[in-house]
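File shown: model-v8.cif. Contents: mmCIF, C-alpha atoms.
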data_start
loop_
_atom_site.label_atom_id
_atom_site.label_comp_id
_atom_site.auth_asym_id
_atom_site.auth_seq_id
_atom_site.Cartn_x
_atom_site.Cartn_y
_atom_site.Cartn_z
CA MET A 1 6.81 -31.49 -22.28
CA ASP A 2 3.47 -31.03 -24.07
CA TYR A 3 1.84 -33.96 -25.84
CA THR A 4 -1.73 -32.56 -25.85
CA LYS A 5 -2.13 -32.41 -29.62
CA GLN A 6 -0.71 -35.87 -30.37
CA ILE A 7 -2.81 -37.48 -27.65
CA GLN A 8 -6.00 -35.82 -28.89
CA GLU A 9 -5.28 -37.07 -32.42
CA ILE A 10 -4.60 -40.62 -31.26
CA ALA A 11 -7.71 -40.66 -29.04
CA SER A 12 -10.01 -39.50 -31.84
CA LYS A 13 -8.44 -42.06 -34.19
CA LEU A 14 -9.02 -44.86 -31.64
CA PHE A 15 -12.67 -43.87 -31.15
CA ALA A 16 -13.19 -43.58 -34.93
CA GLU A 17 -11.76 -47.05 -35.53
CA ASN A 18 -13.85 -48.42 -32.60
CA LYS A 19 -10.78 -49.79 -30.85
CA ILE A 20 -11.67 -48.52 -27.38
CA ASP A 21 -14.72 -48.00 -25.14
CA TYR A 22 -13.07 -45.57 -22.73
CA PHE A 23 -10.16 -43.19 -22.80
CA VAL A 24 -8.40 -42.07 -19.62
CA GLY A 25 -6.50 -38.82 -19.68
CA CYS A 26 -6.22 -35.51 -17.86
CA LYS A 27 -8.13 -32.23 -18.17
CA GLN A 28 -7.89 -28.77 -16.60
CA ASN A 29 -9.70 -28.65 -13.27
CA GLY A 30 -11.49 -25.41 -14.19
CA PHE A 31 -10.38 -23.06 -11.42
CA ASP A 32 -6.58 -23.05 -11.47
CA ASP A 33 -3.60 -24.38 -13.37
CA ASN A 34 -3.85 -27.92 -12.02
CA GLN A 35 -5.43 -30.92 -13.67
CA VAL A 36 -7.80 -33.73 -12.79
CA PRO A 37 -8.08 -37.25 -14.22
CA PHE A 38 -10.69 -37.50 -16.96
CA LEU A 39 -12.55 -40.59 -18.20
CA ILE A 40 -13.95 -40.18 -21.73
CA THR A 41 -16.73 -42.28 -23.23
CA ASP A 42 -17.86 -39.76 -25.83
CA PRO A 43 -15.49 -38.54 -28.61
CA GLN A 44 -16.99 -35.04 -28.23
CA ASP A 45 -14.96 -34.59 -25.02
CA ILE A 46 -11.62 -35.17 -26.72
CA PRO A 47 -10.71 -31.43 -27.12
CA LYS A 48 -10.71 -31.17 -23.30
CA LEU A 49 -7.78 -33.62 -23.04
CA VAL A 50 -4.43 -32.16 -22.04
CA PHE A 51 -1.06 -33.64 -21.26
CA ASN A 52 1.90 -31.63 -20.04
CA ASP A 53 4.20 -31.48 -17.04
CA LYS A 54 1.24 -30.87 -14.73
CA SER A 55 -0.33 -34.23 -15.57
CA VAL A 56 0.87 -35.75 -12.34
CA PHE A 57 -1.57 -38.64 -11.95
CA ASN A 58 -0.89 -42.31 -12.43
CA LEU A 59 -3.86 -43.08 -14.68
CA THR A 60 -3.53 -46.86 -14.41
CA ASN A 61 -5.41 -46.47 -11.12
CA TYR A 62 -8.59 -46.05 -13.21
CA LEU A 63 -8.17 -49.39 -14.98
CA LYS A 64 -8.91 -51.48 -11.90
CA ALA A 65 -12.47 -50.17 -11.38
CA ASP A 66 -15.33 -52.57 -12.04
CA HIS A 67 -16.70 -50.63 -15.01
CA THR A 68 -13.34 -50.36 -16.81
CA ARG A 69 -11.72 -53.66 -15.92
CA ARG A 70 -13.39 -55.73 -18.64
CA LYS A 71 -13.73 -52.96 -21.24
CA ARG A 72 -11.29 -51.79 -23.88
CA VAL A 73 -9.51 -48.76 -22.47
CA GLY A 74 -7.02 -46.34 -23.97
CA LEU A 75 -4.78 -44.36 -21.65
CA VAL A 76 -1.62 -42.28 -21.39
CA VAL A 77 1.29 -43.74 -19.41
CA LYS A 78 4.50 -42.10 -18.24
CA GLY A 79 7.52 -44.18 -17.22
CA CYS A 80 6.34 -44.93 -13.68
CA ASP A 81 2.72 -45.48 -14.76
CA SER A 82 3.78 -48.02 -17.37
CA ARG A 83 5.66 -49.96 -14.70
CA SER A 84 2.48 -50.26 -12.63
CA LEU A 85 0.57 -51.22 -15.79
CA ASN A 86 3.18 -53.92 -16.34
CA LEU A 87 2.53 -55.25 -12.82
CA LEU A 88 -1.25 -55.18 -13.25
CA LEU A 89 -0.89 -57.17 -16.49
CA THR A 90 1.50 -59.66 -14.89
CA GLU A 91 -0.79 -60.12 -11.89
CA SER A 92 -3.66 -60.96 -14.32
CA GLN A 93 -5.77 -57.97 -13.32
CA LEU A 94 -6.10 -56.81 -16.93
CA LYS A 95 -5.90 -58.34 -20.37
CA ARG A 96 -3.24 -56.90 -22.64
CA GLU A 97 -5.56 -56.77 -25.66
CA ASN A 98 -8.04 -54.66 -23.67
CA VAL A 99 -5.51 -51.90 -22.99
CA TYR A 100 -4.25 -49.42 -25.54
CA ALA A 101 -1.38 -47.59 -23.87
CA ILE A 102 0.10 -44.39 -25.28
CA GLY A 103 3.62 -44.38 -23.86
CA ILE A 104 5.34 -41.10 -23.03
CA CYS A 105 9.06 -40.45 -22.77
CA CYS A 106 8.60 -38.37 -19.66
CA GLU A 107 10.73 -35.36 -18.78
CA GLY A 108 9.40 -35.15 -15.25
CA VAL A 109 6.27 -33.58 -13.76
CA VAL A 110 6.07 -30.70 -11.32
CA ASN A 111 5.06 -30.64 -7.67
CA GLU A 112 2.58 -28.21 -6.09
CA LYS A 113 5.31 -25.53 -5.83
CA GLY A 114 5.95 -25.68 -9.58
CA GLU A 115 9.40 -27.26 -9.24
CA LYS A 116 10.41 -30.60 -10.70
CA ALA A 117 9.03 -33.32 -8.41
CA GLN A 118 11.48 -35.21 -6.20
CA ASN A 119 10.48 -38.63 -7.56
CA CYS A 120 11.15 -37.38 -11.10
CA ILE A 121 14.63 -36.20 -10.14
CA GLU A 122 15.32 -39.68 -8.74
CA CYS A 123 13.43 -41.50 -11.54
CA VAL A 124 15.14 -44.62 -12.91
CA MET A 125 12.95 -45.19 -15.96
CA PRO A 126 11.46 -42.07 -17.60
CA ASP A 127 10.39 -43.93 -20.76
CA ALA A 128 7.31 -46.12 -20.88
CA VAL A 129 8.11 -49.86 -20.72
CA VAL A 130 4.69 -51.12 -21.92
CA PHE A 131 3.07 -49.26 -24.80
CA ASP A 132 1.31 -49.60 -28.11
CA GLU A 133 2.60 -46.29 -29.34
CA LEU A 134 5.52 -44.22 -28.01
CA LEU A 135 5.69 -40.42 -28.05
CA GLY A 136 8.95 -38.50 -27.63
CA THR A 137 12.53 -39.69 -27.81
CA PRO A 138 13.59 -42.48 -25.40
CA LYS A 139 16.31 -41.55 -22.92
CA GLY A 140 16.96 -45.01 -21.52
CA ARG A 141 17.35 -46.33 -18.00
CA LYS A 142 19.16 -44.21 -15.40
CA ASP A 143 21.14 -45.13 -12.30
CA TYR A 144 19.37 -45.69 -9.00
CA ILE A 145 19.73 -42.74 -6.60
CA ALA A 146 18.86 -43.09 -2.92
CA ASN A 147 16.05 -40.79 -1.78
CA VAL A 148 17.17 -37.51 -0.17
CA ASP A 149 14.67 -37.48 2.74
CA LEU A 150 15.45 -41.10 3.46
CA LYS A 151 19.17 -40.41 3.67
CA GLU A 152 18.65 -37.58 6.16
CA LEU A 153 16.38 -39.70 8.36
CA THR A 154 18.51 -42.85 8.45
CA GLU A 155 21.49 -40.81 9.68
CA LYS A 156 19.51 -39.65 12.73
CA PRO A 157 19.62 -41.63 16.00
CA LEU A 158 16.85 -44.10 16.76
CA VAL A 159 14.97 -41.97 19.30
CA GLU A 160 14.85 -38.90 17.04
CA ARG A 161 13.61 -41.00 14.16
CA ALA A 162 10.90 -42.54 16.34
CA ASP A 163 9.89 -39.07 17.55
CA TYR A 164 9.69 -37.84 13.97
CA PHE A 165 7.43 -40.69 12.88
CA SER A 166 5.11 -40.51 15.88
CA LYS A 167 4.73 -36.76 15.36
CA VAL A 168 4.13 -36.91 11.61
CA PHE A 169 1.82 -39.92 11.50
CA GLU A 170 -0.30 -38.45 14.29
CA ASN A 171 -1.94 -36.39 11.52
CA CYS A 172 -3.30 -39.45 9.73
CA ILE A 173 -7.10 -39.42 9.72
CA ARG A 174 -7.42 -43.02 8.46
CA CYS A 175 -9.42 -42.02 5.38
CA ASN A 176 -7.59 -44.70 3.32
CA ALA A 177 -7.25 -42.33 0.34
CA CYS A 178 -3.68 -43.61 -0.06
CA ARG A 179 -4.97 -47.13 -0.57
CA HIS A 180 -7.73 -46.10 -2.99
CA SER A 181 -5.37 -44.01 -5.08
CA CYS A 182 -2.77 -46.77 -5.34
CA PRO A 183 -2.90 -48.54 -8.73
CA LEU A 184 -1.59 -51.76 -7.17
CA CYS A 185 -4.07 -51.96 -4.26
CA TYR A 186 -6.88 -53.82 -6.00
CA CYS A 187 -7.94 -56.37 -3.35
CA ALA A 188 -11.72 -56.40 -2.98
CA LYS A 189 -11.32 -56.85 0.76
CA CYS A 190 -8.26 -55.28 2.34
CA CYS A 191 -6.65 -56.96 5.35
CA ILE A 192 -6.54 -53.60 7.11
CA ASP A 193 -10.35 -53.45 6.98
CA GLN A 194 -11.00 -56.83 8.57
CA GLU A 195 -14.09 -56.61 10.71
CA THR A 196 -12.60 -58.81 13.40
CA SER A 197 -9.44 -56.74 13.66
CA THR A 198 -9.93 -54.59 16.73
CA LEU A 199 -6.41 -53.26 16.30
CA TYR A 200 -6.98 -51.29 13.14
CA ASN A 201 -10.69 -51.01 12.70
CA GLY A 202 -12.29 -47.70 13.53
CA SER A 203 -9.61 -46.42 15.84
CA ASN A 204 -8.03 -43.18 14.79
CA THR A 205 -4.86 -43.23 16.87
CA THR A 206 -1.20 -42.81 15.95
CA SER A 207 -0.67 -46.42 16.85
CA SER A 208 -3.33 -47.79 14.52
CA ALA A 209 -2.38 -45.39 11.71
CA MET A 210 1.28 -46.26 11.99
CA HIS A 211 0.66 -49.99 11.99
CA ALA A 212 -1.89 -49.87 9.18
CA LEU A 213 0.48 -47.82 7.01
CA MET A 214 3.39 -50.13 7.77
CA THR A 215 1.33 -53.19 6.87
CA TRP A 216 0.19 -51.47 3.69
CA SER A 217 3.69 -50.51 2.66
CA LEU A 218 4.97 -54.04 3.35
CA HIS A 219 2.23 -55.49 1.17
CA LEU A 220 3.43 -53.14 -1.58
CA ALA A 221 7.13 -53.79 -0.99
CA GLY A 222 8.81 -54.96 -4.15
CA ARG A 223 5.82 -53.77 -6.19
CA CYS A 224 5.67 -50.02 -5.49
CA VAL A 225 6.80 -48.02 -8.52
CA ASP A 226 7.15 -44.65 -6.76
CA CYS A 227 4.44 -42.81 -8.71
CA ARG A 228 3.40 -41.06 -5.47
CA ASN A 229 -0.31 -41.16 -6.21
CA CYS A 230 -0.79 -41.87 -2.49
CA GLU A 231 0.95 -38.68 -1.45
CA LYS A 232 -1.01 -36.59 -3.92
CA ALA A 233 -4.26 -38.03 -2.55
CA CYS A 234 -3.36 -37.68 1.15
CA PRO A 235 -5.37 -34.85 2.76
CA SER A 236 -2.90 -34.67 5.68
CA HIS A 237 0.19 -34.46 3.41
CA LEU A 238 1.92 -37.38 5.11
CA PRO A 239 5.37 -38.33 3.75
CA LEU A 240 4.15 -41.78 2.70
CA HIS A 241 6.98 -42.17 0.21
CA LEU A 242 9.42 -42.64 3.11
CA LEU A 243 8.03 -46.08 3.94
CA HIS A 244 7.97 -47.18 0.29
CA LYS A 245 11.41 -45.81 -0.51
CA GLN A 246 12.89 -47.52 2.54
CA ASN A 247 11.55 -50.90 1.36
CA GLU A 248 12.64 -50.18 -2.21
CA LYS A 249 16.16 -49.33 -1.03
CA VAL A 250 16.52 -52.52 1.06
CA ILE A 251 15.21 -54.62 -1.83
CA PHE A 252 17.45 -52.92 -4.39
CA GLU A 253 20.57 -53.34 -2.26
CA ASN A 254 19.97 -56.93 -1.18
CA PHE A 255 18.00 -58.70 -3.89
CA GLN A 256 19.93 -58.39 -7.16
CA GLN A 257 19.03 -54.72 -7.71
CA HIS A 258 15.38 -55.53 -8.13
CA LEU A 259 13.07 -52.71 -9.23
CA ALA A 260 9.34 -53.28 -9.56
CA GLY A 261 7.63 -53.60 -12.93
CA MET A 262 10.68 -53.09 -15.13
CA GLU A 263 10.39 -56.41 -16.92
CA LYS A 264 7.50 -58.38 -18.30
CA ASP A 265 6.35 -61.31 -16.11
CA ASP A 266 8.19 -59.99 -13.05
CA ARG A 267 5.77 -60.31 -10.14
CA GLY A 268 7.89 -58.46 -7.60
CA ALA A 269 10.75 -59.20 -5.23
CA PHE A 270 8.73 -61.32 -2.81
CA TYR A 271 7.54 -63.77 -5.47
CA LYS A 272 10.99 -65.18 -6.11
CA TYR A 273 14.12 -65.99 -4.13
CA SER A 274 17.80 -66.60 -4.50
CA LEU A 275 19.93 -69.09 -2.56
CA THR A 276 22.44 -66.33 -1.91
CA ASP A 277 20.03 -63.89 -0.25
CA PRO A 278 21.59 -62.32 2.88
CA ASP A 279 20.90 -64.25 6.10
CA ASP A 280 23.48 -62.75 8.46
CA PHE A 281 20.62 -61.29 10.54
CA ILE A 282 19.24 -64.77 11.31
CA LEU A 283 20.41 -66.52 14.49
CA MET B 1 4.34 -36.05 54.28
CA GLU B 2 6.99 -36.32 51.64
CA ALA B 3 6.01 -37.40 48.19
CA GLU B 4 7.08 -40.88 47.33
CA VAL B 5 10.42 -40.73 45.57
CA LYS B 6 10.66 -43.12 42.66
CA THR B 7 13.98 -44.82 42.73
CA THR B 8 15.61 -45.16 39.34
CA GLN B 9 18.48 -47.19 40.63
CA GLY B 10 18.78 -50.39 38.67
CA ALA B 11 15.75 -49.51 36.55
CA ILE B 12 15.52 -50.55 32.91
CA VAL B 13 15.11 -47.67 30.46
CA SER B 14 13.18 -48.15 27.22
CA VAL B 15 15.53 -47.65 24.27
CA GLU B 16 12.93 -46.02 22.05
CA ASN B 17 11.43 -43.79 24.78
CA PRO B 18 14.08 -42.83 27.37
CA GLU B 19 11.40 -41.36 29.67
CA ILE B 20 9.84 -44.78 30.18
CA THR B 21 11.45 -46.98 32.79
CA ALA B 22 10.67 -50.35 34.32
CA PRO B 23 11.76 -51.88 37.64
CA ALA B 24 14.89 -54.01 37.65
CA ASP B 25 12.90 -57.24 37.95
CA TRP B 26 10.76 -56.45 34.90
CA GLN B 27 10.07 -59.42 32.61
CA PRO B 28 9.46 -58.94 28.88
CA VAL B 29 6.70 -60.61 26.89
CA ILE B 30 8.04 -62.30 23.78
CA ILE B 31 5.89 -63.80 21.04
CA GLY B 32 7.52 -66.79 19.38
CA ILE B 33 6.16 -67.80 15.99
CA LEU B 34 7.49 -71.26 15.16
CA CYS B 35 7.22 -73.39 12.05
CA ASN B 36 5.36 -76.66 12.62
CA TRP B 37 7.92 -78.98 11.02
CA CYS B 38 11.26 -77.85 12.48
CA SER B 39 11.24 -75.23 15.20
CA TYR B 40 8.05 -76.34 16.93
CA ALA B 41 9.37 -79.92 17.04
CA GLY B 42 12.71 -78.48 18.19
CA SER B 43 11.06 -76.64 21.05
CA ASP B 44 9.21 -79.85 21.92
CA LEU B 45 12.54 -81.65 22.08
CA THR B 46 13.87 -78.93 24.39
CA GLY B 47 10.97 -79.65 26.71
CA THR B 48 11.20 -83.44 26.61
CA SER B 49 14.98 -83.23 27.14
CA ARG B 50 14.27 -81.13 30.27
CA ILE B 51 16.45 -78.25 29.11
CA GLN B 52 15.64 -75.00 30.93
CA TYR B 53 14.84 -71.85 28.97
CA PRO B 54 13.29 -68.50 29.97
CA PRO B 55 9.49 -68.64 30.32
CA ASN B 56 9.02 -65.20 28.72
CA ILE B 57 8.26 -66.67 25.31
CA ARG B 58 4.67 -67.40 24.20
CA ILE B 59 4.66 -69.80 21.31
CA ILE B 60 2.37 -69.69 18.26
CA ARG B 61 2.53 -72.58 15.81
CA VAL B 62 2.33 -71.85 12.07
CA PRO B 63 2.55 -74.32 9.15
CA CYS B 64 5.68 -72.72 7.69
CA SER B 65 7.83 -69.65 8.31
CA SER B 66 6.53 -68.22 5.04
CA ARG B 67 3.05 -68.28 6.59
CA VAL B 68 4.21 -65.33 8.70
CA ASP B 69 2.76 -62.20 7.19
CA PRO B 70 4.71 -59.07 8.28
CA TRP B 71 1.35 -58.09 9.73
CA PHE B 72 1.69 -60.77 12.47
CA ILE B 73 4.89 -59.12 13.69
CA ILE B 74 3.43 -55.62 13.54
CA LYS B 75 0.27 -56.72 15.31
CA SER B 76 2.19 -58.48 18.10
CA LEU B 77 4.29 -55.39 18.73
CA GLN B 78 1.21 -53.19 18.77
CA ALA B 79 -0.73 -55.35 21.19
CA THR B 80 1.33 -56.84 24.02
CA ALA B 81 4.73 -58.03 22.95
CA ASP B 82 8.05 -56.40 23.79
CA GLY B 83 9.74 -58.54 21.21
CA VAL B 84 9.08 -61.16 18.54
CA LEU B 85 11.06 -64.28 17.68
CA ILE B 86 10.35 -66.08 14.44
CA SER B 87 11.89 -69.43 13.77
CA GLY B 88 11.78 -71.81 10.85
CA CYS B 89 13.64 -74.63 9.14
CA HIS B 90 17.23 -74.25 7.98
CA PRO B 91 17.63 -73.22 4.32
CA GLY B 92 17.17 -76.30 2.19
CA ASP B 93 15.23 -78.19 4.89
CA CYS B 94 11.82 -76.60 4.33
CA HIS B 95 8.94 -79.08 4.37
CA TYR B 96 7.44 -77.12 1.48
CA ILE B 97 10.75 -77.03 -0.44
CA SER B 98 11.25 -73.27 -0.63
CA GLY B 99 8.97 -71.55 1.92
CA ASN B 100 11.78 -70.33 4.12
CA TYR B 101 13.62 -68.73 1.20
CA TYR B 102 10.59 -66.57 0.47
CA ALA B 103 10.22 -65.85 4.19
CA ARG B 104 13.87 -64.79 4.48
CA ARG B 105 13.35 -61.99 1.94
CA ARG B 106 10.26 -60.73 3.73
CA PHE B 107 11.94 -60.84 7.14
CA LEU B 108 14.86 -58.70 6.04
CA VAL B 109 12.60 -55.98 4.63
CA THR B 110 10.29 -56.10 7.68
CA LYS B 111 13.20 -55.87 10.11
CA LYS B 112 14.70 -52.89 8.29
CA LEU B 113 11.36 -51.09 8.05
CA LEU B 114 10.63 -51.55 11.76
CA ASN B 115 14.09 -50.26 12.59
CA PHE B 116 13.53 -47.30 10.26
CA VAL B 117 10.32 -46.16 11.94
CA GLY B 118 11.83 -46.40 15.41
CA TYR B 119 11.98 -49.92 16.82
CA HIS B 120 15.35 -51.19 18.01
CA GLU B 121 16.66 -53.83 15.61
CA ASN B 122 16.79 -56.47 18.37
CA ARG B 123 13.03 -56.27 19.00
CA VAL B 124 12.36 -58.61 16.11
CA GLN B 125 14.68 -61.56 15.69
CA PHE B 126 14.79 -64.57 13.41
CA SER B 127 16.40 -67.96 13.74
CA TRP B 128 16.69 -71.29 11.97
CA VAL B 129 16.15 -74.19 14.39
CA SER B 130 15.74 -77.77 13.19
CA ALA B 131 13.74 -80.52 14.90
CA ALA B 132 16.96 -82.03 16.30
CA GLU B 133 18.29 -78.80 17.78
CA GLY B 134 16.69 -78.75 21.23
CA PRO B 135 19.70 -77.19 22.99
CA LYS B 136 19.98 -74.57 20.24
CA PHE B 137 16.37 -73.53 20.75
CA ALA B 138 17.01 -73.00 24.47
CA LYS B 139 20.09 -70.92 23.65
CA VAL B 140 18.21 -68.82 21.09
CA VAL B 141 15.37 -68.08 23.51
CA ALA B 142 17.85 -67.21 26.26
CA LYS B 143 19.70 -64.83 23.93
CA VAL B 144 16.56 -63.13 22.65
CA THR B 145 15.17 -62.72 26.17
CA GLU B 146 18.44 -61.24 27.37
CA ASP B 147 18.58 -58.84 24.40
CA ILE B 148 15.04 -57.63 24.98
CA LYS B 149 15.55 -57.24 28.73
CA LYS B 150 18.34 -54.80 27.93
CA LEU B 151 16.06 -52.81 25.59
CA GLY B 152 13.43 -52.23 28.25
CA PRO B 153 9.66 -52.17 27.82
CA LEU B 154 8.24 -51.32 24.42
CA HIS B 155 6.20 -48.16 24.77
CA ARG B 156 6.38 -46.55 21.35
CA TYR B 157 3.31 -47.13 19.11
CA LYS B 158 1.65 -49.40 21.69
CA LYS B 159 -2.10 -49.46 21.37
CA GLU B 160 -2.87 -48.40 24.94
CA ASN B 161 -0.31 -45.58 24.94
CA PHE B 162 -1.39 -43.67 21.85
#

Would you mind giving the structure from this file in structure tokens?
Amino acid sequence: MDYTKQIQEIASKLFAENKIDYFVGCKQNGFDDNQVPFLITDPQDIPKLVFNDKSVFNLTNYLKADHTRRKRVGLVVKGCDSRSLNLLLTESQLKRENVYAIGICCEGVVNEKGEKAQNCIECVMPDAVVFDELLGTPKGRKDYIANVDLKELTEKPLVERADYFSKVFENCIRCNACRHSCPLCYCAKCCIDQETSTLYNGSNTTSSAMHALMTWSLHLAGRCVDCRNCEKACPSHLPLHLLHKQNEKVIFENFQQHLAGMEKDDRGAFYKYSLTDPDDFIL
Amino acid sequence: MEAEVKTTQGAIVSVENPEITAPADWQPVIIGILCNWCSYAGSDLTGTSRIQYPPNIRIIRVPCSSRVDPWFIIKSLQATADGVLISGCHPGDCHYISGNYYARRRFLVTKKLLNFVGYHENRVQFSWVSAAEGPKFAKVVAKVTEDIKKLGPLHRYKKENF
């Protein structure tokens, strides 16, 4: 998967026609093989743009910043990124005419070991769903596969599972990089940061980390698109996808196979209801 | 002098942390979050009808069951509660037409997530109680209290313990 040349051509065309103010892409980080997100305002920087299977970032995260929100922005979106773009458009965070999206028919990106990433193996929609221009040949929607790590954990007894989570989430340093890297966390004031909340604020304990992350994942339930930007940003390498995948699985199994951001004007599983939703757990 | 031997006979063991035990007469703290229009009126009826129910429940009144952010449940469990009971109107009876349908979706996901990270599934329970169901409210509270007494004290992820 290498779309570097096509993307450079499209970007220079967009700047020449004065269709965009910014372009968001990826460039080499300068000291190893990996890449960093790259915001272009000057067409001179276009030759630095790259896009291949190491372009792991969900670039829609850079649309929600104050200086890009009301400007015309061009960007590259993979399948998962376009789903989060879809949600941002539906939730009125962006105007469609301000975004020029170059859709990619993604073949999967690699993880830090150089293997195909787990979320790409389990990907349901490799092709972009929102785009102005599509590169590559569409492969269509795939079947939903339950996450491997999730399967292993749910088979364990309750005490072992609790031990696992208290051990792993002990490493959280409460830097909130997961929240800042999430394209769908755009609230100006996050409920986790409430100044009156003595439970979360300033305390760096397993308890507060666990509860803050659970609250965060429940606020993203039915909206998370499994791009794993949060995991890439986490300095402690926490398995944050477990919480999101658990919610996604419950929602998929119980609420008419709902998956976030697949359709236009779909605000997520918690913004609608069905009379036949399961209620056997209610007394 | 012999060291004091702690008797474990009849003690209640915490389900999530088997090392933690409580004496046999231990009483759980349960937070009850009730909807203003049905369950709160229902609990009022229980009181005015002089029906007895366990005093372990501490009631919080909310406008609707869909007012309950999953955060309320998480926060209760982190602070003092050993269990949480959330009650609202029956499906179709919501004062705000559809609030409890939205709430039902959220509750299922919250319950499953809490169970996934290591809370017993009976720690958080939900019920539909209407304003006319005083006896039902007493039964629900009795059942939830009994369930949580069996589970033992909640130690995992408590604020003071970690």

Using 5 Å of padding on each side, determine the axis-aligned box around all atoms of region 268-283 of chain A present in the file and give its centre and edge lengths in Å to one decimal, as lines of an AutoDock Vina configuration file.
center_x = 15.5
center_y = -63.8
center_z = 3.4
size_x = 25.9
size_y = 20.6
size_z = 32.1

Using all atoms listed in the file, find which residues of chain A lie within 8 Å of chain B and jot them down as a ChimeraX atom specification. /A:154,158-159,161-163,165-166,199,205-208,210-211,214-215,218,243,246-247,250-251,270-275,277,279,281-283

Under the PyMOL selection byres ((chain A and resi 171) around 10), which residues of this model are included? Write them out as number ranges by chain. A: 166-170, 172-174, 204-206, 209, 235-238

Within 6 Å of Ser14 (chain B), counting all atoms listed in the file, which residues show up once you throw out same-chain ones fewer than 6 positions away? Write them as JSON, numbers by chain, please. {"B": [20, 21, 151, 152, 153]}

Quick check, in Å to one decimal: how far apart do CA of Met1 (chain A) and CA of Asn52 (chain A) lie?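 Going from CA of Met1 (chain A) over to CA of Asn52 (chain A), I get 5.4 Å.
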
Run the PyMOL selection byres ((chain A and resi 107) around 7) against the file shown and list the residues it catches, as a ChimeraX atom specification. /A:1,105-106,108-109,126

Please return, as a VMD selection string, all polymer residues that have at least one atom within 9 Å of the point (3.8, -76.3, 4.6); use all atoms listed in the file and the file's own coordinate frame. chain B and resid 35 to 37 62 to 67 94 to 97 99

Restricting it to C-alpha atoms, dump the selection as an mmCIF file, in the frame of the given file.
data_model
loop_
_atom_site.group_PDB
_atom_site.id
_atom_site.type_symbol
_atom_site.label_atom_id
_atom_site.label_comp_id
_atom_site.auth_asym_id
_atom_site.auth_seq_id
_atom_site.Cartn_x
_atom_site.Cartn_y
_atom_site.Cartn_z
ATOM 1 C CA CYS B 35 7.220 -73.390 12.050
ATOM 2 C CA ASN B 36 5.360 -76.660 12.620
ATOM 3 C CA TRP B 37 7.920 -78.980 11.020
ATOM 4 C CA VAL B 62 2.330 -71.850 12.070
ATOM 5 C CA PRO B 63 2.550 -74.320 9.150
ATOM 6 C CA CYS B 64 5.680 -72.720 7.690
ATOM 7 C CA SER B 65 7.830 -69.650 8.310
ATOM 8 C CA SER B 66 6.530 -68.220 5.040
ATOM 9 C CA ARG B 67 3.050 -68.280 6.590
ATOM 10 C CA CYS B 94 11.820 -76.600 4.330
ATOM 11 C CA HIS B 95 8.940 -79.080 4.370
ATOM 12 C CA TYR B 96 7.440 -77.120 1.480
ATOM 13 C CA ILE B 97 10.750 -77.030 -0.440
ATOM 14 C CA GLY B 99 8.970 -71.550 1.920
#

I'd like to see the residues matched by the PyMOL selection byres ((chain A and resi 258) around 12) on this file, and ideally I'd get them as a tab-separated table (two decimals) with C-alpha atoms, in the coordinates of the input.
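Listed below is the output, out.tsv:
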chain	number	residue	atom	x	y	z
A	124	VAL	CA	15.14	-44.62	-12.91
A	144	TYR	CA	19.37	-45.69	-9.00
A	221	ALA	CA	7.13	-53.79	-0.99
A	222	GLY	CA	8.81	-54.96	-4.15
A	223	ARG	CA	5.82	-53.77	-6.19
A	224	CYS	CA	5.67	-50.02	-5.49
A	225	VAL	CA	6.80	-48.02	-8.52
A	247	ASN	CA	11.55	-50.90	1.36
A	248	GLU	CA	12.64	-50.18	-2.21
A	249	LYS	CA	16.16	-49.33	-1.03
A	250	VAL	CA	16.52	-52.52	1.06
A	251	ILE	CA	15.21	-54.62	-1.83
A	252	PHE	CA	17.45	-52.92	-4.39
A	253	GLU	CA	20.57	-53.34	-2.26
A	254	ASN	CA	19.97	-56.93	-1.18
A	255	PHE	CA	18.00	-58.70	-3.89
A	256	GLN	CA	19.93	-58.39	-7.16
A	257	GLN	CA	19.03	-54.72	-7.71
A	259	LEU	CA	13.07	-52.71	-9.23
A	260	ALA	CA	9.34	-53.28	-9.56
A	261	GLY	CA	7.63	-53.60	-12.93
A	262	MET	CA	10.68	-53.09	-15.13
A	263	GLU	CA	10.39	-56.41	-16.92
A	266	ASP	CA	8.19	-59.99	-13.05
A	267	ARG	CA	5.77	-60.31	-10.14
A	268	GLY	CA	7.89	-58.46	-7.60
A	269	ALA	CA	10.75	-59.20	-5.23
A	270	PHE	CA	8.73	-61.32	-2.81
A	271	TYR	CA	7.54	-63.77	-5.47
A	272	LYS	CA	10.99	-65.18	-6.11
A	273	TYR	CA	14.12	-65.99	-4.13
A	274	SER	CA	17.80	-66.60	-4.50

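The shell of residues at most 10 Å from Glu112 (chain A), with all atoms listed in the file counted and near chain neighbours (fewer than 3 positions) removed, consists of Asn34, Lys54, Val56, Glu115, Lys116, Ala117 and Lys232 of chain A.
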
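Taking CA of Gly140 (chain A) as the reference point, CA of Ala233 (chain A) is found at 29.3 Å.
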
Provide the CA of Cys182 (chain A) to CA of Asn61 (chain A) distance in Å, to one decimal place.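 So the two atoms, CA of Cys182 (chain A) and CA of Asn61 (chain A), lie 6.4 Å apart.
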
For Arg72 (chain A), list every protein, DNA or RNA residue within 8 Å, evaluated using all atoms listed in the file, and leave out those in the same chain fewer than 6 positions away; present the list as JSON, numbers by chain. {"A": [19, 20, 21, 22, 97, 98, 99, 100]}

Take the point (13.4, -83.1, 16.6) in the file's coordinates, draw a sphere of radius 6 Å around it, and report as a PDB file with C-alpha atoms, in the coordinates of the input every protein, DNA or RNA residue with an atom inside or on it, counting all atoms listed in the file.
ATOM      1  CA  ALA B  41       9.370 -79.920  17.040  1.00  0.00           C
ATOM      2  CA  GLY B  42      12.710 -78.480  18.190  1.00  0.00           C
ATOM      3  CA  LEU B  45      12.540 -81.650  22.080  1.00  0.00           C
ATOM      4  CA  ALA B 131      13.740 -80.520  14.900  1.00  0.00           C
ATOM      5  CA  ALA B 132      16.960 -82.030  16.300  1.00  0.00           C
TER       6      ALA B 132
END
